[in-house]
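S.K.: Handing over target_21.tsv, TSV, C-alpha atoms.
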```tsv
chain	number	residue	atom	x	y	z
A	1	MET	CA	-2.76	-20.38	0.69
A	2	ASN	CA	-0.46	-20.51	-2.37
A	3	LYS	CA	-1.78	-17.03	-3.17
A	4	ILE	CA	0.31	-15.62	-0.32
A	5	LYS	CA	3.52	-17.06	-1.77
A	6	ILE	CA	2.76	-15.61	-5.18
A	7	ILE	CA	1.94	-12.19	-3.79
A	8	PHE	CA	5.23	-12.19	-1.92
A	9	VAL	CA	7.09	-12.72	-5.20
A	10	ALA	CA	5.30	-9.70	-6.60
A	11	ALA	CA	5.83	-7.51	-3.57
A	12	CYS	CA	9.45	-8.39	-3.02
A	13	ALA	CA	10.40	-7.95	-6.66
A	14	GLY	CA	8.83	-4.53	-6.81
A	15	LEU	CA	9.66	-3.05	-3.42
A	16	LEU	CA	13.26	-3.70	-2.42
A	17	LEU	CA	13.90	-0.02	-1.86
A	18	ILE	CA	17.13	-0.08	0.13
A	19	ALA	CA	19.15	2.88	-1.15
A	20	THR	CA	22.92	3.04	-1.28
A	21	GLY	CA	24.49	5.50	1.09
A	22	CYS	CA	24.66	6.22	4.71
A	23	GLY	CA	24.57	2.88	6.49
A	24	ASN	CA	23.61	2.53	10.14
A	25	HIS	CA	23.45	6.16	11.25
A	26	HIS	CA	21.26	6.52	14.31
A	27	LYS	CA	20.52	9.40	16.64
A	28	ASP	CA	18.78	9.42	19.97
A	29	LEU	CA	15.03	9.03	19.94
A	30	ASP	CA	13.07	12.23	20.14
A	31	VAL	CA	10.94	12.79	23.21
A	32	LEU	CA	7.45	11.84	22.05
A	33	PRO	CA	5.01	14.73	22.50
A	34	PRO	CA	1.85	14.06	24.48
A	35	ILE	CA	-1.35	13.63	22.51
A	36	THR	CA	-3.18	16.93	22.77
A	37	ALA	CA	-5.88	16.38	20.15
A	38	ASP	CA	-9.44	15.71	21.29
A	39	SER	CA	-10.46	14.27	17.91
A	40	ARG	CA	-8.94	12.90	14.72
A	41	PRO	CA	-9.85	13.79	11.11
A	42	PHE	CA	-8.62	10.49	9.65
A	43	LEU	CA	-9.78	6.90	9.51
A	44	MET	CA	-7.34	4.23	10.79
A	45	GLY	CA	-6.91	0.93	9.01
A	46	PHE	CA	-5.02	-2.27	8.27
A	47	THR	CA	-4.93	-4.78	5.45
A	48	ARG	CA	-6.09	-8.36	5.95
A	49	TRP	CA	-2.55	-9.71	5.49
A	50	PRO	CA	-2.30	-12.95	7.52
A	51	PRO	CA	0.48	-13.82	10.00
A	52	ASP	CA	0.68	-17.45	8.85
A	53	LEU	CA	-0.31	-19.76	5.98
A	54	SER	CA	-3.77	-20.65	7.23
A	55	GLU	CA	-7.33	-19.45	7.04
A	56	ALA	CA	-7.27	-19.05	10.83
A	57	SER	CA	-4.55	-16.44	10.37
A	58	VAL	CA	-6.79	-14.38	8.11
A	59	GLU	CA	-9.30	-14.44	10.97
A	60	ILE	CA	-6.60	-13.09	13.29
A	61	ALA	CA	-6.11	-10.12	10.97
A	62	ASP	CA	-9.86	-9.60	10.62
A	63	ARG	CA	-10.35	-9.69	14.39
A	64	PHE	CA	-7.57	-7.15	14.88
A	65	ILE	CA	-9.21	-4.83	12.35
A	66	GLU	CA	-12.51	-5.09	14.23
A	67	GLN	CA	-10.81	-4.10	17.49
A	68	HIS	CA	-8.30	-1.47	16.37
A	69	ALA	CA	-9.51	0.12	13.13
A	70	ASP	CA	-12.43	1.78	11.40
A	71	LEU	CA	-11.07	1.14	7.90
A	72	ALA	CA	-10.62	-2.32	6.33
A	73	VAL	CA	-8.16	-2.51	3.44
A	74	VAL	CA	-8.22	-4.97	0.53
A	75	HIS	CA	-5.23	-5.07	-1.84
A	76	LEU	CA	-5.95	-6.81	-5.14
A	77	LEU	CA	-2.38	-7.03	-6.39
A	78	GLY	CA	-2.27	-10.38	-8.20
A	79	GLY	CA	-3.11	-9.26	-11.72
A	80	ILE	CA	-6.13	-8.41	-13.84
A	81	PRO	CA	-8.65	-10.76	-15.54
A	82	TRP	CA	-7.76	-9.15	-18.86
A	83	PRO	CA	-9.70	-11.23	-21.44
A	84	GLU	CA	-12.80	-11.55	-19.26
A	85	ALA	CA	-12.94	-7.84	-18.51
A	86	PHE	CA	-12.34	-6.91	-22.13
A	87	GLY	CA	-14.85	-9.36	-23.58
A	88	GLY	CA	-17.60	-8.98	-21.00
A	89	LEU	CA	-17.18	-12.63	-20.02
A	90	PRO	CA	-17.89	-14.19	-16.60
A	91	TYR	CA	-15.07	-13.56	-14.15
A	92	PRO	CA	-13.06	-16.50	-12.78
A	93	LYS	CA	-14.17	-18.01	-9.47
A	94	ASP	CA	-11.10	-16.75	-7.59
A	95	VAL	CA	-11.82	-13.19	-8.71
A	96	ASN	CA	-15.43	-13.42	-7.55
A	97	THR	CA	-14.33	-14.88	-4.22
A	98	GLN	CA	-11.89	-12.04	-3.53
A	99	LEU	CA	-14.45	-9.42	-4.52
A	100	SER	CA	-17.07	-10.91	-2.20
A	101	TYR	CA	-15.35	-9.54	0.93
A	102	ARG	CA	-17.39	-7.12	3.01
A	103	PRO	CA	-15.98	-5.11	5.92
A	104	PRO	CA	-17.31	-5.53	9.46
A	105	SER	CA	-20.37	-3.50	10.34
A	106	GLY	CA	-19.52	0.13	10.88
A	107	LYS	CA	-16.14	-0.06	9.11
A	108	LYS	CA	-15.25	1.75	5.89
A	109	LEU	CA	-13.62	-0.06	2.96
A	110	TYR	CA	-10.54	0.94	0.97
A	111	VAL	CA	-9.62	-1.14	-2.11
A	112	SER	CA	-6.31	-1.06	-4.03
A	113	VAL	CA	-5.70	-2.47	-7.51
A	114	THR	CA	-3.01	-1.88	-10.12
A	115	PRO	CA	-2.48	-2.43	-13.85
A	116	LEU	CA	1.26	-2.87	-13.27
A	117	ASP	CA	3.21	-6.09	-12.83
A	118	MET	CA	5.14	-7.39	-9.84
A	119	ASP	CA	8.18	-5.26	-10.65
A	120	ARG	CA	6.12	-2.12	-11.35
A	121	SER	CA	7.76	-2.05	-14.78
A	122	GLY	CA	5.03	-3.17	-17.19
A	123	ILE	CA	1.56	-4.63	-17.58
A	124	ALA	CA	0.08	-6.71	-14.74
A	125	PRO	CA	-0.14	-10.52	-15.05
A	126	TYR	CA	-3.32	-12.47	-15.64
A	127	TRP	CA	-5.73	-13.18	-12.80
A	128	GLY	CA	-7.62	-16.31	-13.79
A	129	GLU	CA	-8.19	-19.49	-11.80
A	130	ARG	CA	-5.48	-18.09	-9.54
A	131	ASP	CA	-3.61	-14.81	-9.46
A	132	ASN	CA	-0.25	-13.99	-11.02
A	133	MET	CA	-0.70	-16.32	-13.98
A	134	PRO	CA	1.18	-15.76	-17.27
A	135	LEU	CA	-0.49	-13.34	-19.63
A	136	PRO	CA	-2.55	-14.90	-22.44
A	137	PRO	CA	-0.71	-14.65	-25.78
A	138	ALA	CA	-2.88	-11.82	-27.07
A	139	TRP	CA	-1.95	-9.67	-24.06
A	140	ARG	CA	1.79	-10.31	-23.72
A	141	ASP	CA	2.89	-7.37	-25.85
A	142	ALA	CA	-0.01	-5.06	-25.06
A	143	ARG	CA	0.87	-1.45	-24.33
A	144	LEU	CA	-0.57	0.16	-21.23
A	145	ASP	CA	-2.30	2.77	-23.38
A	146	SER	CA	-3.71	0.35	-25.96
A	147	PRO	CA	-7.50	0.41	-26.52
A	148	GLU	CA	-7.71	-3.19	-25.26
A	149	VAL	CA	-5.92	-2.47	-21.99
A	150	LYS	CA	-7.91	0.72	-21.42
A	151	LYS	CA	-11.22	-1.04	-21.94
A	152	ALA	CA	-10.32	-4.11	-19.86
A	153	TYR	CA	-8.88	-2.19	-16.92
A	154	GLY	CA	-11.71	0.34	-16.93
A	155	GLU	CA	-14.36	-2.39	-17.01
A	156	PHE	CA	-12.67	-4.31	-14.19
A	157	LEU	CA	-12.46	-1.19	-12.02
A	158	MET	CA	-16.16	-0.52	-12.51
A	159	HIS	CA	-16.90	-4.15	-11.67
A	160	ILE	CA	-14.92	-3.80	-8.42
A	161	VAL	CA	-16.91	-0.71	-7.46
A	162	ASP	CA	-20.25	-2.32	-8.31
A	163	GLU	CA	-19.39	-5.47	-6.34
A	164	MET	CA	-17.52	-4.11	-3.32
A	165	HIS	CA	-18.82	-0.54	-2.95
A	166	PRO	CA	-15.53	0.85	-1.60
A	167	ASP	CA	-15.30	4.17	0.18
A	168	TYR	CA	-11.87	4.79	-1.39
A	169	LEU	CA	-10.36	3.30	-4.56
A	170	ASN	CA	-6.65	3.26	-5.40
A	171	ILE	CA	-6.21	2.45	-9.11
A	172	GLY	CA	-2.40	2.68	-9.28
A	173	VAL	CA	-0.44	1.24	-6.35
A	174	GLU	CA	2.96	2.95	-5.96
A	175	ALA	CA	2.72	3.96	-9.61
A	176	ASN	CA	5.74	6.25	-9.46
A	177	LEU	CA	8.03	3.22	-9.22
A	178	LEU	CA	7.45	2.90	-12.96
A	179	ILE	CA	9.27	6.22	-13.45
A	180	THR	CA	12.39	4.55	-12.06
A	181	LYS	CA	11.85	1.02	-13.33
A	182	ASN	CA	10.73	1.73	-16.90
A	183	PRO	CA	10.54	5.47	-17.66
A	184	ASN	CA	9.69	4.88	-21.31
A	185	ALA	CA	6.40	3.28	-20.22
A	186	TRP	CA	5.36	6.21	-18.03
A	187	PRO	CA	3.50	8.21	-20.73
A	188	ALA	CA	1.45	5.14	-21.64
A	189	TYR	CA	0.63	4.52	-17.98
A	190	VAL	CA	-0.48	8.13	-17.52
A	191	GLU	CA	-2.77	7.82	-20.53
A	192	LEU	CA	-4.32	4.66	-19.06
A	193	HIS	CA	-4.72	6.30	-15.67
A	194	LYS	CA	-6.38	9.41	-17.12
A	195	TYR	CA	-8.82	7.28	-19.10
A	196	CYS	CA	-9.83	5.19	-16.10
A	197	TYR	CA	-10.01	8.14	-13.73
A	198	ARG	CA	-12.38	10.01	-16.05
A	199	LEU	CA	-14.46	6.87	-16.60
A	200	LEU	CA	-14.87	6.26	-12.88
A	201	LYS	CA	-15.59	9.87	-11.98
A	202	GLU	CA	-18.28	10.07	-14.63
A	203	LYS	CA	-20.06	7.00	-13.27
A	204	TYR	CA	-19.24	7.41	-9.57
A	205	PRO	CA	-18.70	11.14	-9.03
A	206	ASP	CA	-18.65	10.89	-5.23
A	207	LEU	CA	-16.12	8.05	-5.02
A	208	PRO	CA	-12.57	9.20	-4.11
A	209	VAL	CA	-10.31	7.74	-6.82
A	210	PHE	CA	-6.56	8.10	-6.53
A	211	VAL	CA	-3.08	6.78	-7.19
A	212	SER	CA	-0.58	5.98	-4.42
A	213	ILE	CA	2.99	7.27	-4.42
A	214	GLU	CA	6.02	5.55	-2.87
A	215	VAL	CA	7.79	8.30	-0.92
A	216	LEU	CA	11.38	6.99	-1.00
A	217	HIS	CA	11.50	6.96	-4.79
A	218	LEU	CA	9.62	10.25	-4.90
A	219	ASN	CA	12.24	11.96	-2.73
A	220	GLY	CA	15.32	10.44	-4.36
A	221	LEU	CA	15.97	8.18	-1.35
A	222	ALA	CA	15.96	4.91	-3.30
A	223	ASP	CA	18.52	3.50	-5.69
A	224	LYS	CA	18.36	5.03	-9.20
A	225	SER	CA	15.47	7.37	-8.35
A	226	ASP	CA	15.65	11.03	-9.41
A	227	LYS	CA	13.78	13.47	-7.19
A	228	ASP	CA	13.37	16.26	-9.74
A	229	THR	CA	11.93	13.92	-12.36
A	230	GLN	CA	9.68	12.23	-9.82
A	231	TYR	CA	8.24	15.50	-8.52
A	232	ARG	CA	7.60	16.90	-11.99
A	233	LEU	CA	5.78	13.80	-13.24
A	234	VAL	CA	3.88	13.08	-10.01
A	235	LYS	CA	2.63	16.68	-9.78
A	236	ASP	CA	1.24	16.35	-13.31
A	237	LEU	CA	-0.48	13.09	-12.36
A	238	MET	CA	-2.19	14.69	-9.35
A	239	THR	CA	-4.59	16.44	-11.74
A	240	TYR	CA	-6.17	13.01	-12.06
A	241	SER	CA	-6.11	11.94	-8.42
A	242	ASP	CA	-8.59	12.99	-5.75
A	243	LEU	CA	-5.98	12.71	-3.02
A	244	PHE	CA	-2.26	12.34	-2.47
A	245	GLY	CA	-1.87	8.77	-1.21
A	246	MET	CA	1.50	7.85	0.26
A	247	SER	CA	3.29	4.54	0.74
A	248	VAL	CA	5.58	5.13	3.74
A	249	TYR	CA	8.29	2.66	4.82
A	250	PRO	CA	11.20	4.92	5.86
A	251	TYR	CA	13.34	2.15	7.37
A	252	MET	CA	13.89	0.68	3.88
A	253	SER	CA	16.32	3.43	2.91
A	254	TYR	CA	19.74	3.90	4.49
A	255	GLN	CA	19.44	7.59	3.58
A	256	VAL	CA	16.62	8.17	6.06
A	257	PRO	CA	17.97	8.77	9.59
A	258	ARG	CA	16.75	6.66	12.48
A	259	PRO	CA	14.49	7.69	14.12
A	260	MET	CA	12.52	9.20	11.26
A	261	PRO	CA	12.95	13.00	11.29
A	262	SER	CA	9.93	14.91	12.56
A	263	GLY	CA	9.62	16.81	9.27
A	264	PHE	CA	9.97	13.76	7.02
A	265	LEU	CA	6.38	13.97	5.71
A	266	ASP	CA	6.14	17.74	5.35
A	267	PHE	CA	6.72	17.46	1.59
A	268	ALA	CA	3.23	15.98	1.08
A	269	ARG	CA	1.54	19.35	1.59
A	270	GLN	CA	2.89	20.75	-1.68
A	271	PHE	CA	0.91	18.43	-3.99
A	272	GLY	CA	-2.36	20.31	-3.62
A	273	ARG	CA	-4.52	17.36	-2.65
A	274	PRO	CA	-5.97	15.96	0.59
A	275	ILE	CA	-3.38	13.59	2.03
A	276	ALA	CA	-3.74	9.95	3.02
A	277	VAL	CA	-1.36	7.16	4.02
A	278	ALA	CA	-2.27	4.37	1.61
A	279	GLU	CA	0.08	1.95	3.40
A	280	SER	CA	2.91	2.20	5.89
A	281	GLY	CA	5.03	0.35	8.39
A	282	TYR	CA	8.24	0.24	10.41
A	283	THR	CA	10.16	-2.86	11.42
A	284	SER	CA	10.36	-3.47	15.16
A	285	LYS	CA	13.48	-5.64	14.83
A	286	ASP	CA	16.76	-5.61	12.94
A	287	VAL	CA	16.49	-8.03	10.01
A	288	TRP	CA	19.02	-9.26	7.47
A	289	ILE	CA	17.95	-9.46	3.83
A	290	PHE	CA	20.63	-11.78	2.45
A	291	VAL	CA	23.74	-9.69	3.30
A	292	LEU	CA	21.95	-6.37	3.85
A	293	PRO	CA	20.67	-5.29	7.26
A	294	LEU	CA	17.53	-3.31	7.89
A	295	PHE	CA	17.53	-1.57	11.26
A	296	GLY	CA	14.57	-1.31	13.57
A	297	SER	CA	13.32	-1.70	17.12
A	298	GLU	CA	10.09	-1.38	19.07
A	299	ASP	CA	11.17	2.09	20.16
A	300	LEU	CA	11.83	3.16	16.57
A	301	GLN	CA	8.49	1.72	15.46
A	302	THR	CA	6.71	3.51	18.30
A	303	ASP	CA	8.43	6.77	17.38
A	304	PHE	CA	7.36	6.31	13.75
A	305	VAL	CA	3.71	5.64	14.60
A	306	SER	CA	3.62	8.57	17.02
A	307	LYS	CA	5.07	11.03	14.50
A	308	LEU	CA	2.93	9.71	11.65
A	309	LEU	CA	-0.33	10.08	13.56
A	310	SER	CA	0.65	13.45	15.00
A	311	VAL	CA	1.30	14.79	11.49
A	312	ALA	CA	-1.95	13.20	10.31
A	313	VAL	CA	-3.83	15.27	12.89
A	314	ARG	CA	-1.91	18.44	12.04
A	315	ASP	CA	-2.35	18.13	8.27
A	316	ARG	CA	-5.84	16.62	8.47
A	317	TYR	CA	-5.17	13.38	6.60
A	318	LEU	CA	-8.11	11.39	5.24
A	319	PHE	CA	-6.88	8.01	6.47
A	320	VAL	CA	-3.80	6.20	7.76
A	321	VAL	CA	-3.08	2.54	7.02
A	322	ASN	CA	-0.49	0.37	8.78
A	323	PHE	CA	-0.13	-2.53	6.34
A	324	ALA	CA	0.24	-5.48	8.73
A	325	THR	CA	-1.81	-6.09	11.84
A	326	THR	CA	0.51	-8.86	13.08
A	327	ASP	CA	4.13	-9.91	12.61
A	328	PHE	CA	4.34	-12.78	10.15
A	329	GLU	CA	7.57	-14.57	11.03
A	330	LYS	CA	5.67	-17.87	11.09
A	331	LEU	CA	4.52	-17.32	7.52
A	332	VAL	CA	8.00	-16.33	6.34
A	333	LYS	CA	9.54	-19.55	7.69
A	334	LYS	CA	7.22	-21.57	5.44
A	335	LEU	CA	8.17	-19.74	2.25
A	336	PRO	CA	10.90	-20.83	-0.19
A	337	TYR	CA	14.35	-19.57	0.78
A	338	MET	CA	14.65	-16.71	-1.72
A	339	ILE	CA	11.11	-15.44	-1.23
A	340	GLY	CA	11.33	-15.84	2.53
A	341	ASN	CA	14.50	-13.78	2.76
A	342	MET	CA	12.91	-10.94	0.85
A	343	ALA	CA	9.69	-11.21	2.86
A	344	LYS	CA	11.66	-10.45	6.02
A	345	ILE	CA	11.59	-6.82	4.89
A	346	TRP	CA	8.04	-6.53	6.26
A	347	GLN	CA	7.73	-9.42	8.71
A	348	ASN	CA	8.03	-7.29	11.85
A	349	THR	CA	5.89	-4.31	10.84
A	350	GLY	CA	2.74	-5.50	12.63
A	351	LEU	CA	1.48	-3.80	15.78
A	352	GLN	CA	1.31	-7.11	17.60
A	353	ASP	CA	4.00	-9.79	17.51
A	354	SER	CA	3.78	-13.32	16.15
A	355	HIS	CA	2.43	-14.54	19.50
A	356	LEU	CA	-0.34	-11.91	19.36
A	357	ARG	CA	1.22	-9.82	22.11
A	358	PRO	CA	0.75	-6.05	21.68
A	359	LYS	CA	3.82	-3.97	20.89
A	360	LYS	CA	4.60	-0.56	22.32
A	361	ALA	CA	3.43	1.13	19.13
A	362	LEU	CA	-0.06	-0.31	19.53
A	363	SER	CA	-0.65	1.80	22.65
A	364	ILE	CA	0.08	4.94	20.60
A	365	TRP	CA	-2.14	3.72	17.77
A	366	ASP	CA	-5.01	2.96	20.14
A	367	SER	CA	-4.69	6.28	21.92
A	368	TYR	CA	-5.52	7.95	18.59
A	369	PHE	CA	-8.11	5.34	17.65
A	370	ARG	CA	-10.02	6.13	20.85
A	371	LEU	CA	-10.31	9.79	19.85
A	372	GLU	CA	-13.58	10.89	18.30
A	373	TYR	CA	-13.47	10.66	14.52
A	374	LYS	CA	-14.44	14.00	12.99
A	375	PRO	CA	-13.90	13.80	9.21
A	376	ARG	CA	-12.67	16.70	7.12
A	377	ASP	CA	-15.29	19.13	5.87
```
Can you give me the file's structure in the form of structure tokens?
M.R.:
Amino acid sequence: MNKIKIIFVAACAGLLLIATGCGNHHKDLDVLPPITADSRPFLMGFTRWPPDLSEASVEIADRFIEQHADLAVVHLLGGIPWPEAFGGLPYPKDVNTQLSYRPPSGKKLYVSVTPLDMDRSGIAPYWGERDNMPLPPAWRDARLDSPEVKKAYGEFLMHIVDEMHPDYLNIGVEANLLITKNPNAWPAYVELHKYCYRLLKEKYPDLPVFVSIEVLHLNGLADKSDKDTQYRLVKDLMTYSDLFGMSVYPYMSYQVPRPMPSGFLDFARQFGRPIAVAESGYTSKDVWIFVLPLFGSEDLQTDFVSKLLSVAVRDRYLFVVNFATTDFEKLVKKLPYMIGNMAKIWQNTGLQDSHLRPKKALSIWDSYFRLEYKPRD
């Protein structure tokens, strides 16, 4: 399970979103409104992220998805098989293994992939015999809008669709982080995205293809992010996205009050696209990331899930994904010190704890999951 350690390096490097500012400001929890809906317009899903470093832990996540979701989520975030995709060569065994996953019977499939690296600041690493390998020499200085990168990424995306037959495809995970991390590379990324979007829509016109947007950076709630710039560039990108997919982790910014304000997600309606939650979560415990605290509790997590799903009914979201099924404290303890400390950011965002006991938030989740699914027209 070395893959998990490598992915954590990527995730932690790219997603430490704690913003400078307000510190531990906390107001009383809102009174949660009763569920009045008799149906839901959105699918409900989780990723297959395991709670420990074992194959049995992947089975725990898969079993949870079978019981509490109708959408299975696969994140392919460890790089791109650049030379193979470009040259029409056989894909490495590890790539074929990851693409062989099929969701349980009756479940939809959502797949995420990105051409960006672990820091969301440049081209993704090489996915060969394992993921997150160094780029081959010919690819180290490649621009995101180069003919080689366009061809390779487009071919790999089409291969994913042909192999996995996803119901939703995210081709740019939290792409707006690049605006903050490396703004000079943004025009090249947009050119790559446009090329791949057009390619996919021509071949698979009925497949929803989109890019996901990290909402803290979008709204100027993360360090060094500029809201006006983010909104202007993201709105332009939405021309080439079939939906507005959000990455929602409000507890990662000190500028977001606790509990999350009821109107926190209202901004999403202005982007002119059907809305989906590409990934989300809220920590159910206070955790320390080196010397920085992140504040959470089961009550705050429950409040977050309740408000998120209530808004999803109101605004008729397409789907809602809570990233982790299960807390992964056991996994974190087995990681190297630096990686493990960063991984604590997400370790308590599951809807069951490390001992597989349901949390309060799971009862809210399940109350919506039991509603009849009536998709948008």
S.K.: Report, in Å to a single decimal, how far apart CA of Ile289 (chain A) and CA of Val248 (chain A) are.
M.R.: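 A separation of 19.1 Å between them.
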S.K.: Which is closest to Val332 (chain A) among A:Ile345, A:Ala175, A:Ile213, A:Ile364, if we use only C-alpha atoms?
M.R.: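 Closest residue, counting only C-alpha atoms: A:Ile345.
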S.K.: Between A:Gly122, A:Gly350, A:Pro90, A:Pro208, which residue has the minimum interatomic distance to Ala188 (chain A), considering only C-alpha atoms?
M.R.: A:Gly122
S.K.: Please indicate the distance in Å from CA of Glu174 (chain A) to CA of Lys334 (chain A), rounded to one decimal place.
M.R.: 27.4 Å
S.K.: Might you pull out every residue within 8 Å of Lys108 (chain A), with only C-alpha atoms counted and same-chain residues fewer than 4 positions away left off, and present them as a list in words?
M.R.: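 Returned residues: Asp70, Leu71, Ala72, Pro103, Pro166 and Asp167 of chain A.
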S.K.: Val313 (chain A): which residues within 9 Å, counting only C-alpha atoms, same-chain residues fewer than 6 positions away excluded, as a PDB file with C-alpha atoms, keeping the file's coordinate frame?
M.R.:
```
ATOM      1  CA  ALA A  37      -5.880  16.380  20.150  1.00  0.00           C
ATOM      2  CA  SER A  39     -10.460  14.270  17.910  1.00  0.00           C
ATOM      3  CA  ARG A  40      -8.940  12.900  14.720  1.00  0.00           C
ATOM      4  CA  PRO A  41      -9.850  13.790  11.110  1.00  0.00           C
ATOM      5  CA  PHE A  42      -8.620  10.490   9.650  1.00  0.00           C
TER       6      PHE A  42
END
```
S.K.: Please measure the separation of CA of Leu300 (chain A) and CA of Ser253 (chain A), giving the value in Å to one decimal.
M.R.: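 Result for CA of Leu300 (chain A) versus CA of Ser253 (chain A): 14.4 Å, one decimal.
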S.K.: Return the single residue from A:Ser121, A:Ser284, A:Asn96, A:Gln301 that is closest to Phe156 (chain A), with distances computed using all atoms listed in the file.
M.R.: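 The closest residue to Phe156 (chain A) is A:Asn96.
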S.K.: Using 10 Å as the limit and counting all atoms listed in the file, can you tabulate each residue of region 48-102 of chain A that touches region 143-148 of chain A, with its shortest atom-to-atom distance in Å and the two atoms involved, as a tab-separated table?
M.R.:
```
residue	atom	partner	partner_atom	distance
A:Trp82	CA	A:Glu148	CA	8.7
A:Pro83	CA	A:Glu148	CA	9.1
A:Ala85	CA	A:Glu148	CA	9.7
A:Phe86	CA	A:Glu148	CA	6.7
A:Gly87	CA	A:Glu148	CA	9.6
```
S.K.: Which region 113-203 of chain A residues have any atom within 8 Å of an atom of region 227-237 of chain A, and for each, what is the nearest pair of atoms with distance in Å to one decimal, counting all atoms listed in the file, rows sorted by chain and number, as JSON lines?
M.R.:
```
{"residue": "A:Asn176", "atom": "CA", "partner": "A:Val234", "partner_atom": "CA", "distance": 7.1}
{"residue": "A:Ile179", "atom": "CA", "partner": "A:Gln230", "partner_atom": "CA", "distance": 7.0}
{"residue": "A:Val190", "atom": "CA", "partner": "A:Leu237", "partner_atom": "CA", "distance": 7.2}
```
S.K.: Quick one: everything within 7 Å of Asp286 (chain A), counting all atoms listed in the file, minus sequence neighbours fewer than 6 positions away in the same chain. Send it as a ChimeraX atom specification.
M.R.: /A:293-297
S.K.: Pick the closest to Met342 (chain A) from A:Asp117, A:Leu157, A:Phe290, A:Phe304: which is it, counting all atoms listed in the file?
M.R.: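 Under the stated criterion, the closest residue is A:Phe290.
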S.K.: Could you extract region 327-338 of chain A of the given structure into a file holding N, CA and C atoms, as a PDB file, in the first residue's frame?
M.R.:
```
ATOM      1  N   ASP A 327     -12.924   7.246   9.405  1.00  0.00           N
ATOM      2  CA  ASP A 327     -11.730   7.911   9.941  1.00  0.00           C
ATOM      3  C   ASP A 327     -10.503   7.031   9.726  1.00  0.00           C
ATOM      4  N   PHE A 328      -9.373   7.667   9.425  1.00  0.00           N
ATOM      5  CA  PHE A 328      -8.183   6.877   9.126  1.00  0.00           C
ATOM      6  C   PHE A 328      -7.003   7.216  10.041  1.00  0.00           C
ATOM      7  N   GLU A 329      -7.292   7.309  11.327  1.00  0.00           N
ATOM      8  CA  GLU A 329      -6.230   7.525  12.322  1.00  0.00           C
ATOM      9  C   GLU A 329      -5.221   6.371  12.318  1.00  0.00           C
ATOM     10  N   LYS A 330      -5.703   5.152  12.115  1.00  0.00           N
ATOM     11  CA  LYS A 330      -4.791   4.008  12.096  1.00  0.00           C
ATOM     12  C   LYS A 330      -3.800   4.119  10.945  1.00  0.00           C
ATOM     13  N   LEU A 331      -4.277   4.561   9.803  1.00  0.00           N
ATOM     14  CA  LEU A 331      -3.410   4.743   8.653  1.00  0.00           C
ATOM     15  C   LEU A 331      -2.380   5.840   8.924  1.00  0.00           C
ATOM     16  N   VAL A 332      -2.843   6.958   9.482  1.00  0.00           N
ATOM     17  CA  VAL A 332      -1.964   8.099   9.728  1.00  0.00           C
ATOM     18  C   VAL A 332      -0.802   7.722  10.642  1.00  0.00           C
ATOM     19  N   LYS A 333      -1.063   6.897  11.649  1.00  0.00           N
ATOM     20  CA  LYS A 333      -0.013   6.508  12.593  1.00  0.00           C
ATOM     21  C   LYS A 333       1.106   5.710  11.927  1.00  0.00           C
ATOM     22  N   LYS A 334       0.831   5.128  10.771  1.00  0.00           N
ATOM     23  CA  LYS A 334       1.829   4.310  10.079  1.00  0.00           C
ATOM     24  C   LYS A 334       2.604   5.091   9.020  1.00  0.00           C
ATOM     25  N   LEU A 335       2.273   6.359   8.859  1.00  0.00           N
ATOM     26  CA  LEU A 335       2.946   7.185   7.870  1.00  0.00           C
ATOM     27  C   LEU A 335       4.174   7.861   8.481  1.00  0.00           C
ATOM     28  N   PRO A 336       5.148   8.237   7.656  1.00  0.00           N
ATOM     29  CA  PRO A 336       6.284   9.022   8.161  1.00  0.00           C
ATOM     30  C   PRO A 336       5.806  10.281   8.869  1.00  0.00           C
ATOM     31  N   TYR A 337       6.609  10.783   9.804  1.00  0.00           N
ATOM     32  CA  TYR A 337       6.194  11.862  10.693  1.00  0.00           C
ATOM     33  C   TYR A 337       5.624  13.065   9.942  1.00  0.00           C
ATOM     34  N   MET A 338       6.359  13.581   8.961  1.00  0.00           N
ATOM     35  CA  MET A 338       5.930  14.791   8.270  1.00  0.00           C
ATOM     36  C   MET A 338       4.625  14.556   7.509  1.00  0.00           C
TER      37      MET A 338
END
```
